[in-house]
There are 2 protein chains.
Amino acid sequence: MLVDDEGLAILEEDECFELMGSASIGRVGVSIGAIPAIFPVNFYLSHRTIFFRTGSGTKLSAALREVDVAFEVDRADAIYHQGWSVLAVGQCHEVTEDVELEQVKGLPLEPWAPGNRTHVVRMDPDFVTGRRIVSAPHA
Amino acid sequence: MLVDDEGLAILEEDECFELMGSASIGRVGVSIGAIPAIFPVNFYLSHRTIFFRTGSGTKLSAALREVDVAFEVDRADAIYHQGWSVLAVGQCHEVTEDVELEQVKGLPLEPWAPGNRTHVVRMDPDFVTGRRIVSAPHA
């Protein structure tokens with residue numbers, strides 16, 4: 001088992017995608033101007049591509065253009081002090097092709113919030129990394 | 001009620017800190033080199049200051065130096081499609097003064113993971129913003 005500099009077990013790529021696919025809420029990390037920001041989003045993973053929605057003309061939508069974006073998913077168990085986190089990095093692209101939009105239509109991507117989240121964004125990660133807490137140091 | 005460009009209700013500062021104080025896991029957004037990253041951390045909020053631990057000499061520890069960092073906390077209810085998120089932005093500083101370390105010692109900041117997370121970091125946010133989902137559009 002490989003361990004990182006924080007003492008966490010390093011996950012293999014397949015496991016990262018498997019864990020990511022088991023979740024439905026992720027966080028997008030991006031800079032708005034020079035200010036870093038993190039937004040939670042509902043997402044769906046399909047064949048190693050991450051899909052989520054943003055509103056048209058929103059700050060988030062603008063910030064996602066042509067920059068590397070961080071996408072993180074995690075799960076923590078407060079009772080057993082176990083957990084994992086997976087980080088994907090890559091560029092986002094708006095889904096505009098009719099064929100692709102048709103495919104996306106069937107995905108469980110309905111937003112929870114009101115407002116006009118008509119834009120579907122896809123992210124094909126350049127890489128993913130993941131970590132798992134393997135044991136607790138608690139007394 | 002103020003609403004943002006995504007159709008979410010904008011929270012007031014007091015409410016942001018109140019919600020943040022009700023959580024114990026947050027996500028730190030920072031760039032490592034030019035690559036954006038998000039890390040989950042156990043944290044504790046005390047008088048509007050965020051405390052969390054990092055390992056000595058880790059990538060995270062280095063990345064936190066003298067740059068603006070995003071710190072995000074959220075809660076989502078998958079059944080009722082309700083939720084909120086709070087974002088704090090500011091610089092992080094390692095807690096090195098004995099007096100301050102003594103104060104921090106009593107805080108519920110024990111790390112879940114093994115490894116040497118001896119460094120305590122404090123963040124006094126320059127600002128916080130928060131959003132709440134006010135109703136679901138689901139049929």
# chains A, B, ... in the order shown; residues from 1 in each chain; ligands from 1
>>> calpha_fit_and_write(fixed="chain A", moving="chain B", output="CSV table (one decimal) with N, CA and C atoms, in the first residue's frame")
chain,number,residue,atom,x,y,z
B,1,MET,N,0.8,-1.2,0.0
B,1,MET,CA,0.0,0.0,0.0
B,1,MET,C,0.9,1.3,0.0
B,2,LEU,N,0.6,2.1,-1.0
B,2,LEU,CA,1.4,3.4,-1.0
B,2,LEU,C,0.7,4.4,-0.1
B,3,VAL,N,1.6,5.2,0.6
B,3,VAL,CA,1.1,6.2,1.5
B,3,VAL,C,1.6,7.5,1.2
B,4,ASP,N,0.8,8.6,1.2
B,4,ASP,CA,1.3,9.9,0.9
B,4,ASP,C,1.9,10.6,2.1
B,5,ASP,N,2.3,11.9,1.8
B,5,ASP,CA,3.0,12.6,2.9
B,5,ASP,C,2.2,13.0,4.1
B,6,GLU,N,0.9,12.8,4.0
B,6,GLU,CA,0.0,13.0,5.1
B,6,GLU,C,-0.4,11.7,5.8
B,7,GLY,N,0.2,10.6,5.4
B,7,GLY,CA,-0.1,9.3,6.1
B,7,GLY,C,-1.3,8.6,5.5
B,8,LEU,N,-1.8,9.1,4.4
B,8,LEU,CA,-3.1,8.5,3.8
B,8,LEU,C,-2.7,7.5,2.7
B,9,ALA,N,-3.5,6.5,2.6
B,9,ALA,CA,-3.3,5.5,1.5
B,9,ALA,C,-3.7,6.1,0.2
B,10,ILE,N,-2.8,5.9,-0.8
B,10,ILE,CA,-3.0,6.4,-2.2
B,10,ILE,C,-3.9,5.4,-3.0
B,11,LEU,N,-5.0,5.9,-3.5
B,11,LEU,CA,-5.9,5.0,-4.3
B,11,LEU,C,-5.4,4.9,-5.7
B,12,GLU,N,-5.7,3.8,-6.4
B,12,GLU,CA,-5.4,3.7,-7.8
B,12,GLU,C,-6.5,4.3,-8.6
B,13,GLU,N,-6.2,4.6,-9.9
B,13,GLU,CA,-7.1,5.4,-10.7
B,13,GLU,C,-8.5,4.7,-10.8
B,14,ASP,N,-8.5,3.4,-11.0
B,14,ASP,CA,-9.8,2.7,-11.1
B,14,ASP,C,-10.7,2.9,-9.9
B,15,GLU,N,-10.0,2.8,-8.7
B,15,GLU,CA,-10.7,2.9,-7.5
B,15,GLU,C,-11.3,4.4,-7.3
B,16,CYS,N,-10.5,5.3,-7.8
B,16,CYS,CA,-10.9,6.7,-7.7
B,16,CYS,C,-12.2,6.9,-8.5
B,17,PHE,N,-12.3,6.4,-9.7
B,17,PHE,CA,-13.5,6.6,-10.5
B,17,PHE,C,-14.7,5.8,-9.9
B,18,GLU,N,-14.3,4.6,-9.4
B,18,GLU,CA,-15.4,3.8,-8.8
B,18,GLU,C,-16.0,4.6,-7.6
B,19,LEU,N,-15.2,5.1,-6.7
B,19,LEU,CA,-15.7,5.9,-5.6
B,19,LEU,C,-16.4,7.1,-6.0
B,20,MET,N,-15.9,7.8,-7.0
B,20,MET,CA,-16.5,9.0,-7.5
B,20,MET,C,-17.9,8.7,-8.0
B,21,GLY,N,-18.0,7.6,-8.7
B,21,GLY,CA,-19.3,7.2,-9.3
B,21,GLY,C,-20.3,6.8,-8.3
B,22,SER,N,-19.9,6.6,-7.0
B,22,SER,CA,-20.8,6.2,-5.9
B,22,SER,C,-21.4,7.4,-5.3
B,23,ALA,N,-21.0,8.6,-5.7
B,23,ALA,CA,-21.5,9.8,-5.0
B,23,ALA,C,-22.3,10.7,-6.0
B,24,SER,N,-23.0,11.6,-5.5
B,24,SER,CA,-23.8,12.5,-6.4
B,24,SER,C,-23.6,14.0,-6.2
B,25,ILE,N,-22.8,14.3,-5.1
B,25,ILE,CA,-22.5,15.7,-4.9
B,25,ILE,C,-21.0,15.8,-4.8
B,26,GLY,N,-20.5,16.8,-5.6
B,26,GLY,CA,-19.1,17.1,-5.6
B,26,GLY,C,-18.8,18.6,-5.5
B,27,ARG,N,-17.6,19.0,-5.4
B,27,ARG,CA,-17.3,20.4,-5.2
B,27,ARG,C,-16.3,20.8,-6.3
B,28,VAL,N,-16.7,21.9,-6.9
B,28,VAL,CA,-15.9,22.5,-8.0
B,28,VAL,C,-15.0,23.6,-7.4
B,29,GLY,N,-13.7,23.5,-7.7
B,29,GLY,CA,-12.8,24.6,-7.2
B,29,GLY,C,-12.3,25.4,-8.4
B,30,VAL,N,-12.4,26.7,-8.3
B,30,VAL,CA,-12.1,27.5,-9.5
B,30,VAL,C,-11.8,28.9,-8.9
B,31,SER,N,-11.1,29.7,-9.7
B,31,SER,CA,-10.9,31.1,-9.3
B,31,SER,C,-11.8,32.0,-10.0
B,32,ILE,N,-12.4,32.9,-9.3
B,32,ILE,CA,-13.3,33.9,-9.9
B,32,ILE,C,-12.5,35.2,-9.8
B,33,GLY,N,-12.0,35.7,-10.9
B,33,GLY,CA,-11.0,36.7,-10.9
B,33,GLY,C,-9.8,36.1,-10.2
B,34,ALA,N,-9.2,36.8,-9.2
B,34,ALA,CA,-8.1,36.2,-8.5
B,34,ALA,C,-8.5,35.5,-7.2
B,35,ILE,N,-9.8,35.4,-7.0
B,35,ILE,CA,-10.3,34.9,-5.7
B,35,ILE,C,-10.7,33.4,-5.8
B,36,PRO,N,-10.1,32.6,-5.0
B,36,PRO,CA,-10.4,31.1,-5.1
B,36,PRO,C,-11.8,30.9,-4.5
B,37,ALA,N,-12.5,29.9,-5.1
B,37,ALA,CA,-13.9,29.6,-4.7
B,37,ALA,C,-14.2,28.1,-4.8
B,38,ILE,N,-15.1,27.6,-4.0
B,38,ILE,CA,-15.5,26.2,-4.1
B,38,ILE,C,-17.0,26.2,-4.1
B,39,PHE,N,-17.6,25.5,-5.1
B,39,PHE,CA,-19.1,25.4,-5.2
B,39,PHE,C,-19.5,23.9,-5.1
B,40,PRO,N,-20.5,23.6,-4.3
B,40,PRO,CA,-21.0,22.2,-4.4
B,40,PRO,C,-21.9,22.1,-5.6
B,41,VAL,N,-21.9,21.0,-6.3
B,41,VAL,CA,-22.8,20.7,-7.4
B,41,VAL,C,-23.3,19.3,-7.4
B,42,ASN,N,-24.5,19.0,-7.9
B,42,ASN,CA,-24.9,17.7,-8.2
B,42,ASN,C,-24.2,17.3,-9.5
B,43,PHE,N,-23.7,16.0,-9.5
B,43,PHE,CA,-23.0,15.6,-10.7
B,43,PHE,C,-23.3,14.2,-11.1
B,44,TYR,N,-22.9,13.8,-12.2
B,44,TYR,CA,-23.1,12.4,-12.7
B,44,TYR,C,-21.8,12.0,-13.4
B,45,LEU,N,-21.3,10.8,-13.1
B,45,LEU,CA,-20.1,10.3,-13.7
B,45,LEU,C,-20.5,9.3,-14.8
B,46,SER,N,-20.1,9.5,-16.0
B,46,SER,CA,-20.5,8.5,-17.0
B,46,SER,C,-19.2,8.2,-17.9
B,47,HIS,N,-18.7,7.0,-17.8
B,47,HIS,CA,-17.5,6.6,-18.6
B,47,HIS,C,-16.4,7.6,-18.3
B,48,ARG,N,-16.1,7.9,-17.1
B,48,ARG,CA,-15.0,8.7,-16.7
B,48,ARG,C,-15.1,10.2,-17.1
B,49,THR,N,-16.3,10.6,-17.5
B,49,THR,CA,-16.6,12.0,-17.7
B,49,THR,C,-17.6,12.5,-16.7
B,50,ILE,N,-17.3,13.6,-16.1
B,50,ILE,CA,-18.1,14.3,-15.1
B,50,ILE,C,-19.1,15.2,-15.7
B,51,PHE,N,-20.3,15.1,-15.4
B,51,PHE,CA,-21.3,16.1,-15.9
B,51,PHE,C,-22.0,16.8,-14.8
B,52,PHE,N,-22.1,18.1,-14.9
B,52,PHE,CA,-22.9,18.9,-14.0
B,52,PHE,C,-23.5,20.1,-14.6
B,53,ARG,N,-24.5,20.7,-14.0
B,53,ARG,CA,-25.2,21.9,-14.6
B,53,ARG,C,-24.7,23.2,-14.0
B,54,THR,N,-24.8,24.2,-14.7
B,54,THR,CA,-24.6,25.6,-14.2
B,54,THR,C,-25.7,26.5,-14.8
B,55,GLY,N,-25.9,27.6,-14.2
B,55,GLY,CA,-26.8,28.6,-14.8
B,55,GLY,C,-26.2,29.3,-16.0
B,56,SER,N,-27.0,29.8,-16.9
B,56,SER,CA,-26.5,30.6,-18.0
B,56,SER,C,-26.0,32.0,-17.5
B,57,GLY,N,-24.9,32.4,-18.0
B,57,GLY,CA,-24.4,33.7,-17.6
B,57,GLY,C,-24.0,33.9,-16.2
B,58,THR,N,-23.8,32.8,-15.4
B,58,THR,CA,-23.5,33.0,-14.0
B,58,THR,C,-21.9,33.2,-13.9
B,59,LYS,N,-21.6,33.6,-12.7
B,59,LYS,CA,-20.1,33.7,-12.4
B,59,LYS,C,-19.4,32.4,-12.5
B,60,LEU,N,-20.1,31.3,-12.0
B,60,LEU,CA,-19.5,30.0,-12.1
B,60,LEU,C,-19.3,29.6,-13.6
B,61,SER,N,-20.3,29.8,-14.4
B,61,SER,CA,-20.2,29.5,-15.8
B,61,SER,C,-19.1,30.2,-16.5
B,62,ALA,N,-18.9,31.5,-16.2
B,62,ALA,CA,-17.8,32.2,-16.8
B,62,ALA,C,-16.4,31.7,-16.3
B,63,ALA,N,-16.4,31.4,-15.0
B,63,ALA,CA,-15.1,31.0,-14.4
B,63,ALA,C,-14.6,29.7,-14.9
B,64,LEU,N,-15.5,28.9,-15.4
B,64,LEU,CA,-15.1,27.5,-15.9
B,64,LEU,C,-14.4,27.5,-17.2
B,65,ARG,N,-14.4,28.7,-17.9
B,65,ARG,CA,-13.9,28.7,-19.3
B,65,ARG,C,-12.4,28.6,-19.4
B,66,GLU,N,-11.9,27.6,-20.1
B,66,GLU,CA,-10.5,27.5,-20.5
B,66,GLU,C,-9.5,27.6,-19.4
B,67,VAL,N,-9.8,27.1,-18.2
B,67,VAL,CA,-8.8,27.0,-17.2
B,67,VAL,C,-9.0,25.6,-16.5
B,68,ASP,N,-7.9,25.2,-15.9
B,68,ASP,CA,-8.0,24.0,-15.2
B,68,ASP,C,-8.8,24.1,-13.9
B,69,VAL,N,-9.7,23.2,-13.7
B,69,VAL,CA,-10.6,23.2,-12.6
B,69,VAL,C,-10.4,22.0,-11.7
B,70,ALA,N,-10.6,22.2,-10.4
B,70,ALA,CA,-10.5,21.0,-9.5
B,70,ALA,C,-11.9,20.6,-9.2
B,71,PHE,N,-12.1,19.3,-9.2
B,71,PHE,CA,-13.4,18.7,-8.9
B,71,PHE,C,-13.1,17.6,-7.8
B,72,GLU,N,-13.8,17.8,-6.7
B,72,GLU,CA,-13.5,16.9,-5.5
B,72,GLU,C,-14.7,16.2,-5.0
B,73,VAL,N,-14.6,14.9,-4.7
B,73,VAL,CA,-15.7,14.2,-4.0
B,73,VAL,C,-15.1,13.5,-2.8
B,74,ASP,N,-15.9,13.5,-1.7
B,74,ASP,CA,-15.4,12.8,-0.5
B,74,ASP,C,-16.5,12.2,0.2
B,75,ARG,N,-16.1,11.3,1.1
B,75,ARG,CA,-17.1,10.7,2.1
B,75,ARG,C,-16.4,10.5,3.4
B,76,ALA,N,-17.1,10.9,4.5
B,76,ALA,CA,-16.5,10.8,5.8
B,76,ALA,C,-17.5,10.1,6.7
B,77,ASP,N,-17.0,9.2,7.5
B,77,ASP,CA,-17.8,8.5,8.5
B,77,ASP,C,-17.3,9.0,9.9
B,78,ALA,N,-18.2,9.8,10.5
B,78,ALA,CA,-17.8,10.5,11.8
B,78,ALA,C,-17.7,9.5,12.9
B,79,ILE,N,-18.4,8.3,12.8
B,79,ILE,CA,-18.4,7.4,13.9
B,79,ILE,C,-17.1,6.5,13.9
B,80,TYR,N,-16.8,6.0,12.7
B,80,TYR,CA,-15.6,5.2,12.6
B,80,TYR,C,-14.3,5.9,12.2
B,81,HIS,N,-14.5,7.2,12.0
B,81,HIS,CA,-13.3,8.0,11.6
B,81,HIS,C,-12.6,7.4,10.3
B,82,GLN,N,-13.5,7.1,9.4
B,82,GLN,CA,-13.0,6.6,8.1
B,82,GLN,C,-13.4,7.5,7.0
B,83,GLY,N,-12.8,7.4,5.9
B,83,GLY,CA,-13.2,8.3,4.8
B,83,GLY,C,-12.3,8.2,3.6
B,84,TRP,N,-12.7,8.8,2.5
B,84,TRP,CA,-11.9,8.9,1.3
B,84,TRP,C,-12.2,10.2,0.6
B,85,SER,N,-11.3,10.6,-0.2
B,85,SER,CA,-11.5,11.7,-1.1
B,85,SER,C,-10.8,11.5,-2.4
B,86,VAL,N,-11.5,12.0,-3.5
B,86,VAL,CA,-11.0,11.9,-4.8
B,86,VAL,C,-10.9,13.3,-5.5
B,87,LEU,N,-9.8,13.6,-6.1
B,87,LEU,CA,-9.7,14.9,-6.8
B,87,LEU,C,-9.4,14.7,-8.2
B,88,ALA,N,-10.2,15.3,-9.1
B,88,ALA,CA,-10.0,15.3,-10.5
B,88,ALA,C,-9.6,16.7,-11.0
B,89,VAL,N,-8.7,16.8,-11.9
B,89,VAL,CA,-8.3,18.1,-12.5
B,89,VAL,C,-8.4,18.1,-14.0
B,90,GLY,N,-9.0,19.1,-14.6
B,90,GLY,CA,-9.1,19.2,-16.0
B,90,GLY,C,-9.9,20.4,-16.4
B,91,GLN,N,-10.0,20.6,-17.7
B,91,GLN,CA,-10.8,21.7,-18.2
B,91,GLN,C,-12.3,21.2,-18.4
B,92,CYS,N,-13.2,22.2,-18.3
B,92,CYS,CA,-14.6,22.0,-18.4
B,92,CYS,C,-15.0,22.5,-19.8
B,93,HIS,N,-16.0,21.8,-20.4
B,93,HIS,CA,-16.6,22.3,-21.7
B,93,HIS,C,-18.1,22.2,-21.6
B,94,GLU,N,-18.7,23.2,-22.1
B,94,GLU,CA,-20.2,23.2,-22.2
B,94,GLU,C,-20.6,22.2,-23.2
B,95,VAL,N,-21.6,21.4,-22.8
B,95,VAL,CA,-22.2,20.5,-23.8
B,95,VAL,C,-23.2,21.2,-24.7
B,96,THR,N,-22.8,21.3,-26.0
B,96,THR,CA,-23.7,22.1,-26.9
B,96,THR,C,-24.2,21.2,-28.1
B,97,GLU,N,-23.5,20.2,-28.4
B,97,GLU,CA,-23.9,19.3,-29.5
B,97,GLU,C,-25.3,18.6,-29.2
B,98,ASP,N,-26.2,18.7,-30.1
B,98,ASP,CA,-27.5,18.0,-29.9
B,98,ASP,C,-27.4,16.6,-29.5
B,99,VAL,N,-26.5,15.9,-30.2
B,99,VAL,CA,-26.3,14.4,-29.9
B,99,VAL,C,-26.0,14.2,-28.4
B,100,GLU,N,-25.0,15.0,-28.0
B,100,GLU,CA,-24.5,14.8,-26.6
B,100,GLU,C,-25.6,15.3,-25.6
B,101,LEU,N,-26.3,16.4,-25.9
B,101,LEU,CA,-27.3,16.9,-25.0
B,101,LEU,C,-28.4,15.8,-24.9
B,102,GLU,N,-28.7,15.1,-26.0
B,102,GLU,CA,-29.7,14.0,-25.9
B,102,GLU,C,-29.3,12.9,-25.0
B,103,GLN,N,-28.0,12.6,-25.0
B,103,GLN,CA,-27.4,11.6,-24.1
B,103,GLN,C,-27.5,12.0,-22.7
B,104,VAL,N,-27.2,13.3,-22.5
B,104,VAL,CA,-27.2,13.8,-21.1
B,104,VAL,C,-28.6,13.9,-20.5
B,105,LYS,N,-29.6,14.1,-21.4
B,105,LYS,CA,-31.0,14.2,-20.9
B,105,LYS,C,-31.4,13.1,-20.0
B,106,GLY,N,-30.9,11.9,-20.3
B,106,GLY,CA,-31.4,10.7,-19.5
B,106,GLY,C,-30.6,10.6,-18.2
B,107,LEU,N,-29.6,11.4,-18.0
B,107,LEU,CA,-28.8,11.3,-16.8
B,107,LEU,C,-29.5,11.9,-15.6
B,108,PRO,N,-29.3,11.4,-14.4
B,108,PRO,CA,-29.9,11.9,-13.2
B,108,PRO,C,-29.2,13.2,-12.7
B,109,LEU,N,-29.4,14.3,-13.5
B,109,LEU,CA,-28.7,15.5,-13.3
B,109,LEU,C,-29.6,16.7,-12.9
B,110,GLU,N,-30.8,16.3,-12.5
B,110,GLU,CA,-31.8,17.4,-12.1
B,110,GLU,C,-31.2,18.3,-11.0
B,111,PRO,N,-31.2,19.6,-11.1
B,111,PRO,CA,-30.7,20.4,-10.0
B,111,PRO,C,-31.7,20.5,-8.9
B,112,TRP,N,-31.2,20.6,-7.7
B,112,TRP,CA,-32.1,20.7,-6.5
B,112,TRP,C,-32.7,22.1,-6.4
B,113,ALA,N,-31.9,23.1,-6.8
B,113,ALA,CA,-32.2,24.5,-6.5
B,113,ALA,C,-33.1,25.0,-7.7
B,114,PRO,N,-33.9,26.0,-7.4
B,114,PRO,CA,-34.6,26.7,-8.5
B,114,PRO,C,-33.6,27.5,-9.3
B,115,GLY,N,-34.1,28.2,-10.3
B,115,GLY,CA,-33.2,29.0,-11.1
B,115,GLY,C,-32.9,28.2,-12.4
B,116,ASN,N,-32.4,28.9,-13.3
B,116,ASN,CA,-32.3,28.4,-14.7
B,116,ASN,C,-30.9,27.7,-15.0
B,117,ARG,N,-30.7,26.5,-14.5
B,117,ARG,CA,-29.5,25.8,-14.7
B,117,ARG,C,-29.5,25.0,-16.0
B,118,THR,N,-29.6,25.7,-17.1
B,118,THR,CA,-29.8,25.0,-18.4
B,118,THR,C,-28.5,24.5,-19.0
B,119,HIS,N,-27.4,25.1,-18.5
B,119,HIS,CA,-26.1,24.7,-19.1
B,119,HIS,C,-25.6,23.4,-18.5
B,120,VAL,N,-25.2,22.5,-19.4
B,120,VAL,CA,-24.6,21.2,-18.9
B,120,VAL,C,-23.1,21.3,-19.2
B,121,VAL,N,-22.3,21.0,-18.2
B,121,VAL,CA,-20.9,21.1,-18.4
B,121,VAL,C,-20.3,19.7,-18.3
B,122,ARG,N,-19.3,19.4,-19.1
B,122,ARG,CA,-18.6,18.1,-19.0
B,122,ARG,C,-17.1,18.4,-18.7
B,123,MET,N,-16.6,17.5,-17.9
B,123,MET,CA,-15.2,17.6,-17.6
B,123,MET,C,-14.6,16.2,-17.8
B,124,ASP,N,-13.6,16.1,-18.7
B,124,ASP,CA,-12.9,14.9,-18.9
B,124,ASP,C,-11.5,15.1,-18.2
B,125,PRO,N,-11.4,14.5,-17.0
B,125,PRO,CA,-10.2,14.8,-16.2
B,125,PRO,C,-8.9,14.5,-16.8
B,126,ASP,N,-7.9,15.4,-16.7
B,126,ASP,CA,-6.6,15.1,-17.1
B,126,ASP,C,-6.0,14.0,-16.2
B,127,PHE,N,-6.3,14.1,-14.9
B,127,PHE,CA,-5.9,13.1,-14.0
B,127,PHE,C,-6.8,13.1,-12.8
B,128,VAL,N,-6.8,12.0,-12.1
B,128,VAL,CA,-7.5,11.9,-10.8
B,128,VAL,C,-6.5,11.3,-9.8
B,129,THR,N,-6.7,11.8,-8.5
B,129,THR,CA,-5.9,11.2,-7.4
B,129,THR,C,-6.9,11.0,-6.3
B,130,GLY,N,-6.6,10.0,-5.4
B,130,GLY,CA,-7.5,9.7,-4.3
B,130,GLY,C,-6.7,9.2,-3.1
B,131,ARG,N,-7.3,9.5,-2.0
B,131,ARG,CA,-6.7,9.1,-0.7
B,131,ARG,C,-7.8,8.4,0.2
B,132,ARG,N,-7.3,7.5,1.0
B,132,ARG,CA,-8.3,6.9,2.0
B,132,ARG,C,-7.6,6.9,3.3
B,133,ILE,N,-8.4,7.2,4.4
B,133,ILE,CA,-7.9,7.1,5.7
B,133,ILE,C,-7.9,5.6,6.1
B,134,VAL,N,-6.8,5.1,6.5
B,134,VAL,CA,-6.7,3.6,6.7
B,134,VAL,C,-6.8,3.2,8.1
B,135,SER,N,-6.5,4.1,9.0
B,135,SER,CA,-6.8,3.7,10.4
B,135,SER,C,-6.8,5.0,11.3
B,136,ALA,N,-7.4,4.9,12.4
B,136,ALA,CA,-7.6,6.1,13.2
B,136,ALA,C,-6.5,6.1,14.4
B,137,PRO,N,-6.0,7.3,14.7
B,137,PRO,CA,-5.0,7.3,15.7
B,137,PRO,C,-5.6,7.5,17.1
B,138,HIS,N,-6.9,7.5,17.2
B,138,HIS,CA,-7.6,7.9,18.4
B,138,HIS,C,-7.3,7.0,19.6
B,139,ALA,N,-7.2,7.5,20.7
B,139,ALA,CA,-7.0,6.7,21.9
B,139,ALA,C,-8.4,6.2,22.3
>>> select_by_dssp(residues="region 34-100 of chain B", states="helix (DSSP H, G or I)", output="MDAnalysis selection string")
chainID B and resid 59:63 98:100
>>> write_last_selection(atoms="all heavy atoms", output="PDB file, in the first residue's frame")
ATOM      1  N   LYS B  59       2.714  18.955   0.998  1.00  0.00           N
ATOM      2  CA  LYS B  59       2.362  19.823  -0.123  1.00  0.00           C
ATOM      3  C   LYS B  59       1.293  20.823   0.296  1.00  0.00           C
ATOM      4  O   LYS B  59       1.330  21.992  -0.067  1.00  0.00           O
ATOM      5  CB  LYS B  59       1.817  18.971  -1.278  1.00  0.00           C
ATOM      6  CG  LYS B  59       2.900  18.316  -2.099  1.00  0.00           C
ATOM      7  CD  LYS B  59       2.260  17.577  -3.266  1.00  0.00           C
ATOM      8  CE  LYS B  59       2.744  16.140  -3.311  1.00  0.00           C
ATOM      9  NZ  LYS B  59       1.939  15.280  -4.171  1.00  0.00           N
ATOM     10  N   LEU B  60       0.321  20.345   1.080  1.00  0.00           N
ATOM     11  CA  LEU B  60      -0.744  21.242   1.519  1.00  0.00           C
ATOM     12  C   LEU B  60      -0.183  22.363   2.371  1.00  0.00           C
ATOM     13  O   LEU B  60      -0.495  23.542   2.174  1.00  0.00           O
ATOM     14  CB  LEU B  60      -1.808  20.470   2.309  1.00  0.00           C
ATOM     15  CG  LEU B  60      -2.935  21.318   2.918  1.00  0.00           C
ATOM     16  CD1 LEU B  60      -3.640  22.156   1.863  1.00  0.00           C
ATOM     17  CD2 LEU B  60      -3.948  20.434   3.632  1.00  0.00           C
ATOM     18  N   SER B  61       0.674  21.983   3.294  1.00  0.00           N
ATOM     19  CA  SER B  61       1.284  22.964   4.188  1.00  0.00           C
ATOM     20  C   SER B  61       2.014  24.052   3.397  1.00  0.00           C
ATOM     21  O   SER B  61       1.886  25.246   3.673  1.00  0.00           O
ATOM     22  CB  SER B  61       2.230  22.204   5.133  1.00  0.00           C
ATOM     23  OG  SER B  61       3.131  23.068   5.740  1.00  0.00           O
ATOM     24  N   ALA B  62       2.759  23.643   2.380  1.00  0.00           N
ATOM     25  CA  ALA B  62       3.501  24.612   1.558  1.00  0.00           C
ATOM     26  C   ALA B  62       2.557  25.490   0.744  1.00  0.00           C
ATOM     27  O   ALA B  62       2.773  26.696   0.601  1.00  0.00           O
ATOM     28  CB  ALA B  62       4.459  23.866   0.625  1.00  0.00           C
ATOM     29  N   ALA B  63       1.499  24.877   0.224  1.00  0.00           N
ATOM     30  CA  ALA B  63       0.590  25.603  -0.663  1.00  0.00           C
ATOM     31  C   ALA B  63      -0.192  26.689   0.071  1.00  0.00           C
ATOM     32  O   ALA B  63      -0.667  27.640  -0.538  1.00  0.00           O
ATOM     33  CB  ALA B  63      -0.382  24.619  -1.320  1.00  0.00           C
ATOM     34  N   ASP B  98       3.124  29.922  21.657  1.00  0.00           N
ATOM     35  CA  ASP B  98       2.777  28.982  22.713  1.00  0.00           C
ATOM     36  C   ASP B  98       1.398  29.253  23.305  1.00  0.00           C
ATOM     37  O   ASP B  98       0.612  28.330  23.535  1.00  0.00           O
ATOM     38  CB  ASP B  98       3.821  29.039  23.838  1.00  0.00           C
ATOM     39  CG  ASP B  98       5.072  28.252  23.461  1.00  0.00           C
ATOM     40  OD1 ASP B  98       5.025  27.565  22.422  1.00  0.00           O
ATOM     41  OD2 ASP B  98       6.070  28.353  24.175  1.00  0.00           O
ATOM     42  N   VAL B  99       1.115  30.538  23.509  1.00  0.00           N
ATOM     43  CA  VAL B  99      -0.171  30.903  24.119  1.00  0.00           C
ATOM     44  C   VAL B  99      -1.330  30.412  23.254  1.00  0.00           C
ATOM     45  O   VAL B  99      -2.301  29.822  23.731  1.00  0.00           O
ATOM     46  CB  VAL B  99      -0.261  32.446  24.284  1.00  0.00           C
ATOM     47  CG1 VAL B  99      -1.657  32.846  24.763  1.00  0.00           C
ATOM     48  CG2 VAL B  99       0.796  32.944  25.241  1.00  0.00           C
ATOM     49  N   GLU B 100      -1.167  30.637  21.950  1.00  0.00           N
ATOM     50  CA  GLU B 100      -2.240  30.259  21.041  1.00  0.00           C
ATOM     51  C   GLU B 100      -2.336  28.736  20.904  1.00  0.00           C
ATOM     52  O   GLU B 100      -3.427  28.171  20.850  1.00  0.00           O
ATOM     53  CB  GLU B 100      -1.991  30.901  19.669  1.00  0.00           C
ATOM     54  CG  GLU B 100      -3.257  31.114  18.882  1.00  0.00           C
ATOM     55  CD  GLU B 100      -3.007  31.839  17.563  1.00  0.00           C
ATOM     56  OE1 GLU B 100      -1.833  32.078  17.208  1.00  0.00           O
ATOM     57  OE2 GLU B 100      -3.967  32.151  16.879  1.00  0.00           O
TER      58      GLU B 100
END
>>> select_by_dssp(residues="chain A", states="strand (DSSP E)", output="JSON, numbers by chain")
{"A": [9, 10, 25, 26, 27, 28, 29, 30, 31, 32, 35, 36, 37, 38, 39, 40, 41, 42, 43, 44, 45, 46, 49, 50, 51, 52, 53, 54, 68, 69, 70, 71, 72, 73, 74, 75, 76, 77, 82, 83, 84, 85, 86, 87, 88, 89, 90, 91, 92, 93, 94, 119, 120, 121, 122, 123, 127, 128, 129, 130, 131, 132, 133]}
